[in-house]
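Read the structure below first, then the notes.
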Amino acid sequence: MSWNIIENNLINISFSLLLITFIIYWINLIIIKIEKLQNICNILTIIINICLSTSLLIRWVVNNYFPLSNLYESLIFLTWCITLIHIVLAKKSNSKLIGAIIAPISLFIIAFASISLPPSMKIATPLVPALRSNWLMMHVTVMMISYATLMIGSILSILFLIISNGKNIELQGNSYNYTKKILLKYNSNNSKNILSNNQIIDKNITYKYNRINLLESIDNLSYRIIGFGFPLLTIGIIAGAVWANEAWGSYWSWDPKETWALITWIIFATYLHSRLNKSWHGKKPAVLASIGFVIVWICYLGVNFLGKGLHSYGWIS
């Protein structure tokens, strides 16, 4: 059995397990609600990440370069990043919501890589001269990790807007969840740990308070994840500029990829600025972060469909 077959089998196993995990998460969230299913999903996510890690490692060893030279490899690496962040968040929190919203993203990405891309794009080819540099690992790896982090932070903001739909939310400025720094823990049945005895009079009041507590937790987690991903995006852009000067003789050329990376940076810089100086209230920061989710996808995937610019090699033309 060749290494290519083993690699493909690992990707197919990852796709199948992601589909199973996605189904279990949503069944457990909506219908059954069994704690053991949550643990099963966490174990499956770890197995998926190991399969993806092994697949990338095989590709790296066999082809003698870090597997981030084309769209297929970057999609697999992006899925690996998202599942790794998923594992970290799942360890920090027992919330069913996290897995239920992250699993569909991973499933979509690996499905697109496995099903939509032609076989010719999945075959490893020799690197073009511009990619034969140590900056390949530095720049592209950091950018992909930042994309994964910003995607998860942005999807949490979308979840925040969905849950708060039709409600007047007055969360403002910096993170105001003093109960948990980064954990998204919520249990609508455990109101006695949230409300004092004097406050529990009416069930409607309890439900409303729990909902606000959940929104604060989601808003807090989204803010902190984006706050982690933004410096990575900044480092990735700077590393890309240095590499561009080395490869093409110019730090910045307003290539479509570079332009949208700058737009992405401005969107999330504005978001963090509004949170730090507490200038925006309620849903406004979440709306901006939700727009950032679309912008990240345009920057990462959308501009590659144009087949233009200095970043078009090895992608879709």
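To be explicit about the labels: the chains of the structure tokens are called A, B, and onward in the order shown, and within each one the residues are counted from 1, while ligands get numbers from 1 in the order they are shown.
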
Contact table stretch 112-144 of chain A vs stretch 8-18 of chain A, cut-off 10 Å, shortest pair per residue, only C-alpha atoms, as CSV:
```
residue,atom,partner,partner_atom,distance
A:Ala113,CA,A:Ile11,CA,9.5
A:Ser114,CA,A:Asn12,CA,7.7
A:Lys122,CA,A:Asn8,CA,9.5
```

Once you have the residues from the selection above, write them out as a PDB file, in the first residue's frame, restricted to N, CA, C and O atoms.
```pdb
ATOM      1  N   ALA A 113     -12.777  19.969   0.390  1.00  0.00           N
ATOM      2  CA  ALA A 113     -11.469  19.489  -0.048  1.00  0.00           C
ATOM      3  C   ALA A 113     -11.547  18.099  -0.650  1.00  0.00           C
ATOM      4  O   ALA A 113     -10.873  17.793  -1.652  1.00  0.00           O
ATOM      5  N   SER A 114     -12.390  17.234  -0.076  1.00  0.00           N
ATOM      6  CA  SER A 114     -12.444  15.829  -0.509  1.00  0.00           C
ATOM      7  C   SER A 114     -13.331  15.617  -1.726  1.00  0.00           C
ATOM      8  O   SER A 114     -13.036  14.762  -2.573  1.00  0.00           O
ATOM      9  N   LYS A 122      -5.225  17.508  -5.765  1.00  0.00           N
ATOM     10  CA  LYS A 122      -4.874  16.795  -4.541  1.00  0.00           C
ATOM     11  C   LYS A 122      -3.496  16.153  -4.625  1.00  0.00           C
ATOM     12  O   LYS A 122      -2.962  15.685  -3.618  1.00  0.00           O
TER      13      LYS A 122
END
```

*Non-local contacts of stretch 46-63 of chain A (9 Å; only C-alpha atoms; under 3 positions in same chain excluded) as an MDAnalysis selection string*: chainID A and resid 3:4 6:11 13:15 17:18 41:43 66:67 73 76:77 79:81 83:84 87 124:126

Kindly export the residues of the current selection with N, CA and C atoms, as a PDB file, in the first residue's frame.
```pdb
ATOM      1  N   TRP A   3       1.936   5.359   0.204  1.00  0.00           N
ATOM      2  CA  TRP A   3       1.673   6.414   1.183  1.00  0.00           C
ATOM      3  C   TRP A   3       0.491   7.272   0.759  1.00  0.00           C
ATOM      4  N   ASN A   4       0.313   7.469  -0.534  1.00  0.00           N
ATOM      5  CA  ASN A   4      -0.820   8.269  -1.020  1.00  0.00           C
ATOM      6  C   ASN A   4      -2.155   7.625  -0.653  1.00  0.00           C
ATOM      7  N   ILE A   6      -2.681   5.589   1.892  1.00  0.00           N
ATOM      8  CA  ILE A   6      -2.835   5.735   3.347  1.00  0.00           C
ATOM      9  C   ILE A   6      -3.309   7.144   3.690  1.00  0.00           C
ATOM     10  N   GLU A   7      -2.705   8.120   3.038  1.00  0.00           N
ATOM     11  CA  GLU A   7      -3.085   9.508   3.276  1.00  0.00           C
ATOM     12  C   GLU A   7      -4.546   9.747   2.918  1.00  0.00           C
ATOM     13  N   ASN A   8      -4.973   9.256   1.768  1.00  0.00           N
ATOM     14  CA  ASN A   8      -6.368   9.426   1.339  1.00  0.00           C
ATOM     15  C   ASN A   8      -7.334   8.709   2.289  1.00  0.00           C
ATOM     16  N   ASN A   9      -6.931   7.544   2.752  1.00  0.00           N
ATOM     17  CA  ASN A   9      -7.783   6.812   3.696  1.00  0.00           C
ATOM     18  C   ASN A   9      -7.942   7.584   5.015  1.00  0.00           C
ATOM     19  N   LEU A  10      -6.870   8.211   5.457  1.00  0.00           N
ATOM     20  CA  LEU A  10      -6.942   9.002   6.687  1.00  0.00           C
ATOM     21  C   LEU A  10      -7.875  10.205   6.523  1.00  0.00           C
ATOM     22  N   ILE A  11      -7.823  10.839   5.358  1.00  0.00           N
ATOM     23  CA  ILE A  11      -8.718  11.977   5.092  1.00  0.00           C
ATOM     24  C   ILE A  11     -10.159  11.505   5.035  1.00  0.00           C
ATOM     25  N   ILE A  13     -11.422   8.860   6.530  1.00  0.00           N
ATOM     26  CA  ILE A  13     -11.809   8.510   7.900  1.00  0.00           C
ATOM     27  C   ILE A  13     -12.161   9.784   8.674  1.00  0.00           C
ATOM     28  N   SER A  14     -11.356  10.829   8.495  1.00  0.00           N
ATOM     29  CA  SER A  14     -11.616  12.094   9.180  1.00  0.00           C
ATOM     30  C   SER A  14     -12.955  12.681   8.757  1.00  0.00           C
ATOM     31  N   PHE A  15     -13.235  12.621   7.473  1.00  0.00           N
ATOM     32  CA  PHE A  15     -14.514  13.132   6.968  1.00  0.00           C
ATOM     33  C   PHE A  15     -15.687  12.347   7.558  1.00  0.00           C
ATOM     34  N   LEU A  17     -15.783  10.549  10.337  1.00  0.00           N
ATOM     35  CA  LEU A  17     -15.902  10.800  11.777  1.00  0.00           C
ATOM     36  C   LEU A  17     -16.459  12.188  12.065  1.00  0.00           C
ATOM     37  N   LEU A  18     -16.092  13.164  11.226  1.00  0.00           N
ATOM     38  CA  LEU A  18     -16.637  14.515  11.401  1.00  0.00           C
ATOM     39  C   LEU A  18     -18.137  14.533  11.159  1.00  0.00           C
ATOM     40  N   CYS A  41     -18.136  12.585  21.575  1.00  0.00           N
ATOM     41  CA  CYS A  41     -17.796  13.572  20.550  1.00  0.00           C
ATOM     42  C   CYS A  41     -16.404  14.151  20.773  1.00  0.00           C
ATOM     43  N   ASN A  42     -16.047  14.384  22.020  1.00  0.00           N
ATOM     44  CA  ASN A  42     -14.711  14.901  22.324  1.00  0.00           C
ATOM     45  C   ASN A  42     -13.629  13.899  21.920  1.00  0.00           C
ATOM     46  N   ILE A  43     -13.888  12.621  22.192  1.00  0.00           N
ATOM     47  CA  ILE A  43     -12.927  11.573  21.809  1.00  0.00           C
ATOM     48  C   ILE A  43     -12.816  11.474  20.289  1.00  0.00           C
ATOM     49  N   PHE A  66       6.794  21.390   3.668  1.00  0.00           N
ATOM     50  CA  PHE A  66       5.639  21.528   4.545  1.00  0.00           C
ATOM     51  C   PHE A  66       4.373  21.628   3.703  1.00  0.00           C
ATOM     52  N   PRO A  67       3.365  20.801   3.971  1.00  0.00           N
ATOM     53  CA  PRO A  67       2.194  20.686   3.076  1.00  0.00           C
ATOM     54  C   PRO A  67       1.236  21.878   3.162  1.00  0.00           C
ATOM     55  N   GLU A  73      -4.039  21.190   0.311  1.00  0.00           N
ATOM     56  CA  GLU A  73      -3.234  21.061   1.528  1.00  0.00           C
ATOM     57  C   GLU A  73      -3.619  22.097   2.577  1.00  0.00           C
ATOM     58  N   ILE A  76      -6.895  21.084   4.337  1.00  0.00           N
ATOM     59  CA  ILE A  76      -6.669  20.033   5.331  1.00  0.00           C
ATOM     60  C   ILE A  76      -6.011  20.613   6.574  1.00  0.00           C
ATOM     61  N   PHE A  77      -5.043  21.495   6.370  1.00  0.00           N
ATOM     62  CA  PHE A  77      -4.370  22.116   7.511  1.00  0.00           C
ATOM     63  C   PHE A  77      -5.330  23.011   8.286  1.00  0.00           C
ATOM     64  N   THR A  79      -8.569  22.581   8.567  1.00  0.00           N
ATOM     65  CA  THR A  79      -9.423  21.673   9.340  1.00  0.00           C
ATOM     66  C   THR A  79      -8.691  21.182  10.577  1.00  0.00           C
ATOM     67  N   TRP A  80      -7.408  20.877  10.427  1.00  0.00           N
ATOM     68  CA  TRP A  80      -6.608  20.453  11.581  1.00  0.00           C
ATOM     69  C   TRP A  80      -6.563  21.547  12.642  1.00  0.00           C
ATOM     70  N   CYS A  81      -6.362  22.785  12.222  1.00  0.00           N
ATOM     71  CA  CYS A  81      -6.314  23.912  13.165  1.00  0.00           C
ATOM     72  C   CYS A  81      -7.638  24.064  13.910  1.00  0.00           C
ATOM     73  N   THR A  83     -10.028  21.804  14.415  1.00  0.00           N
ATOM     74  CA  THR A  83     -10.265  20.692  15.344  1.00  0.00           C
ATOM     75  C   THR A  83      -9.367  20.794  16.578  1.00  0.00           C
ATOM     76  N   LEU A  84      -8.155  21.312  16.400  1.00  0.00           N
ATOM     77  CA  LEU A  84      -7.262  21.491  17.553  1.00  0.00           C
ATOM     78  C   LEU A  84      -7.833  22.528  18.518  1.00  0.00           C
ATOM     79  N   ILE A  87     -10.686  21.029  20.372  1.00  0.00           N
ATOM     80  CA  ILE A  87     -10.263  20.162  21.472  1.00  0.00           C
ATOM     81  C   ILE A  87      -9.916  20.991  22.712  1.00  0.00           C
ATOM     82  N   ALA A 124       0.426  16.058  -4.885  1.00  0.00           N
ATOM     83  CA  ALA A 124       1.554  16.913  -4.525  1.00  0.00           C
ATOM     84  C   ALA A 124       2.451  17.126  -5.735  1.00  0.00           C
ATOM     85  N   THR A 125       2.809  18.368  -5.988  1.00  0.00           N
ATOM     86  CA  THR A 125       3.682  18.717  -7.111  1.00  0.00           C
ATOM     87  C   THR A 125       4.889  19.482  -6.584  1.00  0.00           C
ATOM     88  N   PRO A 126       5.976  19.530  -7.352  1.00  0.00           N
ATOM     89  CA  PRO A 126       7.159  20.287  -6.906  1.00  0.00           C
ATOM     90  C   PRO A 126       6.808  21.756  -6.664  1.00  0.00           C
TER      91      PRO A 126
END
```

*atom CA of A:Trp135 to atom CA of A:Ile123: how many Å, to one decimal?*
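Taking atom CA of A:Trp135 as the start and atom CA of A:Ile123 as the end point, the length is 22.2 Å.
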
*Would you please work out which residue, of A:Trp280, A:Glu246, A:Met144, A:Ile152, is nearest to A:Ala261 when using only C-alpha atoms?*
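Distance minimum relative to A:Ala261 lands on A:Met144.
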
*Identify, on the basis of only C-alpha atoms, every residue whose closest approach to A:Ile23 does not exceed 10 Å; exclude the query and any residue fewer than 4 positions from it along the same chain; express the result as a PyMOL selection string.*
chain A and resi 17-19+27-29+41+100+103-104

Atoms to include: N, CA and C atoms. Write the selected residues as a PDB file, in the first residue's frame.
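Final output, part27.pdb:
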```
ATOM      1  N   LEU A  17     -15.783  10.549  10.337  1.00  0.00           N
ATOM      2  CA  LEU A  17     -15.902  10.800  11.777  1.00  0.00           C
ATOM      3  C   LEU A  17     -16.459  12.188  12.065  1.00  0.00           C
ATOM      4  N   LEU A  18     -16.092  13.164  11.226  1.00  0.00           N
ATOM      5  CA  LEU A  18     -16.637  14.515  11.401  1.00  0.00           C
ATOM      6  C   LEU A  18     -18.137  14.533  11.159  1.00  0.00           C
ATOM      7  N   LEU A  19     -18.573  13.780  10.166  1.00  0.00           N
ATOM      8  CA  LEU A  19     -20.007  13.696   9.892  1.00  0.00           C
ATOM      9  C   LEU A  19     -20.747  13.056  11.060  1.00  0.00           C
ATOM     10  N   ILE A  27     -27.923  16.023  17.713  1.00  0.00           N
ATOM     11  CA  ILE A  27     -28.926  15.166  18.369  1.00  0.00           C
ATOM     12  C   ILE A  27     -28.852  15.351  19.877  1.00  0.00           C
ATOM     13  N   ASN A  28     -27.631  15.403  20.405  1.00  0.00           N
ATOM     14  CA  ASN A  28     -27.457  15.583  21.846  1.00  0.00           C
ATOM     15  C   ASN A  28     -27.900  16.974  22.300  1.00  0.00           C
ATOM     16  N   LEU A  29     -27.762  17.953  21.427  1.00  0.00           N
ATOM     17  CA  LEU A  29     -28.144  19.320  21.782  1.00  0.00           C
ATOM     18  C   LEU A  29     -29.650  19.526  21.761  1.00  0.00           C
ATOM     19  N   CYS A  41     -18.136  12.585  21.575  1.00  0.00           N
ATOM     20  CA  CYS A  41     -17.796  13.572  20.550  1.00  0.00           C
ATOM     21  C   CYS A  41     -16.404  14.151  20.773  1.00  0.00           C
ATOM     22  N   ALA A 100     -21.261  21.980  18.682  1.00  0.00           N
ATOM     23  CA  ALA A 100     -22.360  22.006  17.714  1.00  0.00           C
ATOM     24  C   ALA A 100     -22.165  23.058  16.634  1.00  0.00           C
ATOM     25  N   ALA A 103     -18.184  21.977  14.725  1.00  0.00           N
ATOM     26  CA  ALA A 103     -18.169  20.765  13.897  1.00  0.00           C
ATOM     27  C   ALA A 103     -18.654  21.008  12.468  1.00  0.00           C
ATOM     28  N   PRO A 104     -19.732  21.788  12.238  1.00  0.00           N
ATOM     29  CA  PRO A 104     -20.161  22.029  10.852  1.00  0.00           C
ATOM     30  C   PRO A 104     -19.111  22.743  10.013  1.00  0.00           C
TER      31      PRO A 104
END
```
